[in-house]
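Chemist: Please see the structure below; I have some questions.
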Amino acid sequence: MNYKDIDLSAYPRKDHFEHFLTMENPFVSMTVQMDITKWYKRLKEKGYPFFLCFQYAAAAAANQIPELRQRIKGKRIVEYDACDVSYTVALEDGTYRYCNVDADQPLDDYIQEARRKQRMAMMMEHLEEEGDVLGYLFVSCVPWTGYASLELPWPDRFFSNPCITWGRFEKSDRLCMENGNVFAKEEVRLPVSLMVNHALADGIHISSFFTHLQKELDEMFSE
């Protein structure tokens, strides 16, 4: 994972960067109930794994936004060319280990590497990250519970890795009308959360992530 330094003298958000880093809590989080109806249907038809495919789409979406590839490194801002994924792998005792996967590869290769790395992670004795930790997108899910909002822990106000989390999807019927006929159409919605350091990213960048994520889902299994 390569990165470059941002020239703060020419950085348009320099005032914003310095302002939010004076705060004890400079983090902002947004949760969106995403419509995954079509994506979920195609996923089931093709027999692909939900977690890894959604994670792949989320990483692809985040990597398209420069602000989500930027990190606070000392007193500098650095921007990575691409960010890999760090996520949690559950153990039988209810705890977990971290797993790191290269996000810049075709989906099938990603799934293969992830499964191999997961087996390795489950044999690790301690909870620790490998490699350049700043270069990761932190990903997790709460598959047991649907939720409307989410708060996450952070070590200090300089923490700058975007955190992407989702919960349990919910199915519901929505009334529709076509040619004068009313019918129920099933929808599948998933709560997806993104937490960022406001010193590096604003609402427009968060919203852009969700727009890109929807596009990645729509195009993942397109023929």
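If you're wondering about the labels, chains in the structure tokens are A, B, ... by order shown, residues count from 1 in each chain, ligands from 1 in order shown.
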Among region 5-209 of chain A, which residues carry a DSSP assignment of alpha helix (DSSP H), reported as a compact mmCIF listing (two decimals) with C-alpha atoms, in the first residue's frame?
Modeler:
# COMPACT_ATOMS: atom_id res chain seq x y z
CA LYS A 14 -6.77 22.84 5.87
CA ASP A 15 -8.96 25.00 8.14
CA HIS A 16 -11.46 22.17 8.56
CA PHE A 17 -8.67 19.70 9.32
CA GLU A 18 -7.20 21.89 12.05
CA HIS A 19 -10.63 22.81 13.42
CA PHE A 20 -11.94 19.28 13.92
CA THR A 37 -33.27 -6.55 -2.92
CA LYS A 38 -31.94 -7.12 -6.44
CA TRP A 39 -28.36 -7.75 -5.31
CA TYR A 40 -29.47 -10.30 -2.70
CA LYS A 41 -31.62 -12.15 -5.23
CA ARG A 42 -28.73 -12.44 -7.71
CA LEU A 43 -26.33 -13.39 -4.90
CA LYS A 44 -28.55 -16.31 -3.86
CA GLU A 45 -29.05 -17.43 -7.45
CA LYS A 46 -25.29 -17.60 -8.01
CA PHE A 50 -23.06 -12.66 1.47
CA PHE A 51 -20.44 -11.29 3.85
CA LEU A 52 -17.43 -11.39 1.55
CA CYS A 53 -19.33 -10.08 -1.48
CA PHE A 54 -20.83 -7.17 0.42
CA GLN A 55 -17.45 -6.43 1.97
CA TYR A 56 -15.88 -6.44 -1.49
CA ALA A 57 -18.44 -3.92 -2.73
CA ALA A 58 -17.95 -1.70 0.33
CA ALA A 59 -14.17 -1.65 -0.13
CA ALA A 60 -14.51 -0.86 -3.83
CA ALA A 61 -16.87 2.02 -3.01
CA ALA A 62 -14.59 3.47 -0.33
CA ASN A 63 -11.52 3.27 -2.54
CA LEU A 107 -14.17 -10.86 -6.81
CA ASP A 108 -13.50 -14.58 -7.15
CA ASP A 109 -9.81 -14.08 -6.29
CA TYR A 110 -10.82 -11.90 -3.35
CA ILE A 111 -13.10 -14.60 -1.96
CA GLN A 112 -10.41 -17.24 -2.36
CA GLU A 113 -7.78 -15.12 -0.59
CA ALA A 114 -10.21 -14.12 2.16
CA ARG A 115 -11.10 -17.72 2.95
CA ARG A 116 -7.44 -18.67 3.11
CA LYS A 117 -6.61 -15.68 5.33
CA GLN A 118 -9.58 -16.46 7.59
CA ARG A 119 -8.26 -19.95 8.25
CA MET A 120 -4.90 -18.45 9.14
CA ALA A 121 -6.47 -15.79 11.38
CA GLY A 203 -21.08 14.74 4.65
CA ILE A 204 -20.60 14.94 0.90
CA HIS A 205 -17.89 12.27 1.06
CA ILE A 206 -20.00 10.01 3.29
CA SER A 207 -22.97 10.36 0.95
CA SER A 208 -20.71 9.64 -2.01
CA PHE A 209 -19.66 6.38 -0.37
Chemist: Using DSSP on the backbone, list every residue of region 104-202 of chain A that comes out as strand (DSSP E), and give them as a PyMOL selection string.
Modeler: chain A and resi 136-141+163-166+170-178+181-197
Chemist: Between A:Val85, A:Leu134, A:Cys99, A:Met30, single out the one closest to Asn2 (chain A), counting only C-alpha atoms.
Modeler: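 The shortest atom-to-atom distance to Asn2 (chain A) comes from A:Leu134.
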Chemist: Can you pull out the residues contacting Asp156 (chain A)? Cut-off 10 Å, using only C-alpha atoms, and skip same-chain residues under 3 positions away; I want them as a PDB file with N, CA and C atoms, in the first residue's frame.
Modeler:
ATOM      1  N   GLU A  24     -12.499  16.855  21.088  1.00  0.00           N
ATOM      2  CA  GLU A  24     -12.261  15.589  21.758  1.00  0.00           C
ATOM      3  C   GLU A  24     -12.853  14.438  20.955  1.00  0.00           C
ATOM      4  N   ASN A  25     -13.981  14.695  20.299  1.00  0.00           N
ATOM      5  CA  ASN A  25     -14.639  13.682  19.473  1.00  0.00           C
ATOM      6  C   ASN A  25     -14.901  14.266  18.073  1.00  0.00           C
ATOM      7  N   PRO A  26     -13.955  14.104  17.153  1.00  0.00           N
ATOM      8  CA  PRO A  26     -14.126  14.658  15.809  1.00  0.00           C
ATOM      9  C   PRO A  26     -14.783  13.687  14.828  1.00  0.00           C
ATOM     10  N   PRO A 153     -16.036   2.555  19.075  1.00  0.00           N
ATOM     11  CA  PRO A 153     -14.941   3.106  19.883  1.00  0.00           C
ATOM     12  C   PRO A 153     -13.824   3.645  19.008  1.00  0.00           C
ATOM     13  N   PHE A 159      -7.375   9.099  15.266  1.00  0.00           N
ATOM     14  CA  PHE A 159      -7.763   7.868  14.577  1.00  0.00           C
ATOM     15  C   PHE A 159      -8.428   8.236  13.245  1.00  0.00           C
ATOM     16  N   SER A 160      -7.982   7.634  12.142  1.00  0.00           N
ATOM     17  CA  SER A 160      -8.464   8.102  10.842  1.00  0.00           C
ATOM     18  C   SER A 160      -8.811   6.995   9.859  1.00  0.00           C
TER      19      SER A 160
END
Chemist: Write out as a PyMOL selection string each polymer residue whose atoms come within 9 Å of Ala90 (chain A), counting only C-alpha atoms; drop sequence neighbours fewer than 6 positions from it.
Modeler: chain A and resi 96-97+122
Chemist: Could you turn the residues from that selection into a file that holds N, CA and C atoms, as a PDB file, in the first residue's frame?
Modeler:
ATOM      1  N   TYR A  96     -12.783 -13.017  18.574  1.00  0.00           N
ATOM      2  CA  TYR A  96     -12.460 -12.925  17.152  1.00  0.00           C
ATOM      3  C   TYR A  96     -11.000 -12.564  16.946  1.00  0.00           C
ATOM      4  N   ARG A  97     -10.566 -12.680  15.705  1.00  0.00           N
ATOM      5  CA  ARG A  97      -9.237 -12.258  15.285  1.00  0.00           C
ATOM      6  C   ARG A  97      -9.386 -11.353  14.059  1.00  0.00           C
ATOM      7  N   MET A 122      -7.772 -17.615  12.285  1.00  0.00           N
ATOM      8  CA  MET A 122      -8.374 -18.396  13.355  1.00  0.00           C
ATOM      9  C   MET A 122      -7.336 -19.180  14.162  1.00  0.00           C
TER      10      MET A 122
END
Chemist: Can you measure CA of Pro191 (chain A) to CA of Glu128 (chain A) for me? One decimal in Å is fine.
Modeler: 27.4 Å
Chemist: Considering only C-alpha atoms, return as a PyMOL selection string whatever protein or nucleic-acid residues lie within 10 Å of Glu129 (chain A), sequence-local ones (same chain, fewer than 6 positions apart) excluded.
Modeler: chain A and resi 86-87+97-100+136
Chemist: Next, write the just-selected residues to a file, as an mmCIF file, in the first residue's frame, keeping all heavy atoms as the atom set.
Modeler:
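Result written to result24.cif:
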data_model
loop_
_atom_site.group_PDB
_atom_site.id
_atom_site.type_symbol
_atom_site.label_atom_id
_atom_site.label_comp_id
_atom_site.auth_asym_id
_atom_site.auth_seq_id
_atom_site.Cartn_x
_atom_site.Cartn_y
_atom_site.Cartn_z
ATOM 1 N N SER A 86 -9.402 -4.784 6.534
ATOM 2 C CA SER A 86 -9.152 -5.497 7.782
ATOM 3 C C SER A 86 -10.502 -5.757 8.427
ATOM 4 O O SER A 86 -11.267 -4.818 8.667
ATOM 5 C CB SER A 86 -8.265 -4.684 8.724
ATOM 6 O OG SER A 86 -8.145 -5.333 9.976
ATOM 7 N N TYR A 87 -10.806 -7.028 8.687
ATOM 8 C CA TYR A 87 -12.110 -7.345 9.255
ATOM 9 C C TYR A 87 -11.976 -8.427 10.323
ATOM 10 O O TYR A 87 -10.907 -9.011 10.511
ATOM 11 C CB TYR A 87 -13.090 -7.775 8.167
ATOM 12 C CG TYR A 87 -12.749 -9.041 7.417
ATOM 13 C CD1 TYR A 87 -13.331 -10.260 7.750
ATOM 14 C CD2 TYR A 87 -11.871 -9.025 6.335
ATOM 15 C CE1 TYR A 87 -13.046 -11.426 7.050
ATOM 16 C CE2 TYR A 87 -11.574 -10.184 5.624
ATOM 17 C CZ TYR A 87 -12.162 -11.377 5.990
ATOM 18 O OH TYR A 87 -11.873 -12.526 5.289
ATOM 19 N N ARG A 97 -10.566 -12.680 15.705
ATOM 20 C CA ARG A 97 -9.237 -12.258 15.285
ATOM 21 C C ARG A 97 -9.386 -11.353 14.059
ATOM 22 O O ARG A 97 -10.452 -11.308 13.427
ATOM 23 C CB ARG A 97 -8.370 -13.480 14.927
ATOM 24 C CG ARG A 97 -8.049 -14.372 16.114
ATOM 25 C CD ARG A 97 -7.110 -13.699 17.083
ATOM 26 N NE ARG A 97 -6.742 -14.582 18.193
ATOM 27 C CZ ARG A 97 -7.344 -14.576 19.374
ATOM 28 N NH1 ARG A 97 -8.366 -13.754 19.599
ATOM 29 N NH2 ARG A 97 -6.937 -15.389 20.328
ATOM 30 N N TYR A 98 -8.309 -10.636 13.733
ATOM 31 C CA TYR A 98 -8.321 -9.760 12.564
ATOM 32 C C TYR A 98 -7.818 -10.506 11.332
ATOM 33 O O TYR A 98 -6.921 -11.347 11.409
ATOM 34 C CB TYR A 98 -7.446 -8.527 12.801
ATOM 35 C CG TYR A 98 -7.977 -7.594 13.863
ATOM 36 C CD1 TYR A 98 -7.127 -7.095 14.858
ATOM 37 C CD2 TYR A 98 -9.305 -7.211 13.875
ATOM 38 C CE1 TYR A 98 -7.606 -6.236 15.832
ATOM 39 C CE2 TYR A 98 -9.794 -6.347 14.849
ATOM 40 C CZ TYR A 98 -8.937 -5.861 15.827
ATOM 41 O OH TYR A 98 -9.418 -5.008 16.792
ATOM 42 N N CYS A 99 -8.402 -10.156 10.201
ATOM 43 C CA CYS A 99 -8.031 -10.756 8.923
ATOM 44 C C CYS A 99 -7.823 -9.633 7.911
ATOM 45 O O CYS A 99 -8.652 -8.720 7.820
ATOM 46 C CB CYS A 99 -9.135 -11.707 8.461
ATOM 47 S SG CYS A 99 -8.786 -12.569 6.915
ATOM 48 N N ASN A 100 -6.733 -9.668 7.177
ATOM 49 C CA ASN A 100 -6.401 -8.617 6.215
ATOM 50 C C ASN A 100 -6.382 -9.191 4.800
ATOM 51 O O ASN A 100 -5.744 -10.205 4.549
ATOM 52 C CB ASN A 100 -5.035 -8.007 6.537
ATOM 53 C CG ASN A 100 -4.895 -7.638 8.009
ATOM 54 O OD1 ASN A 100 -3.923 -8.017 8.650
ATOM 55 N ND2 ASN A 100 -5.858 -6.922 8.540
ATOM 56 N N TYR A 136 -5.566 0.432 6.103
ATOM 57 C CA TYR A 136 -6.726 -0.449 6.058
ATOM 58 C C TYR A 136 -8.045 0.315 6.131
ATOM 59 O O TYR A 136 -8.140 1.399 6.724
ATOM 60 C CB TYR A 136 -6.702 -1.444 7.223
ATOM 61 C CG TYR A 136 -5.606 -2.476 7.138
ATOM 62 C CD1 TYR A 136 -4.805 -2.757 8.243
ATOM 63 C CD2 TYR A 136 -5.377 -3.178 5.960
ATOM 64 C CE1 TYR A 136 -3.798 -3.711 8.170
ATOM 65 C CE2 TYR A 136 -4.374 -4.130 5.883
ATOM 66 C CZ TYR A 136 -3.592 -4.391 6.986
ATOM 67 O OH TYR A 136 -2.604 -5.324 6.904
#
Chemist: Rounded to one decimal place, report the CA of Pro162 (chain A)-CA of Phe221 (chain A) distance in Å.
Modeler: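 So the two atoms, CA of Pro162 (chain A) and CA of Phe221 (chain A), lie 26.0 Å apart.
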Chemist: By how many Å are CA of Arg168 (chain A) and CA of Val142 (chain A) apart?
Modeler: 6.5 Å
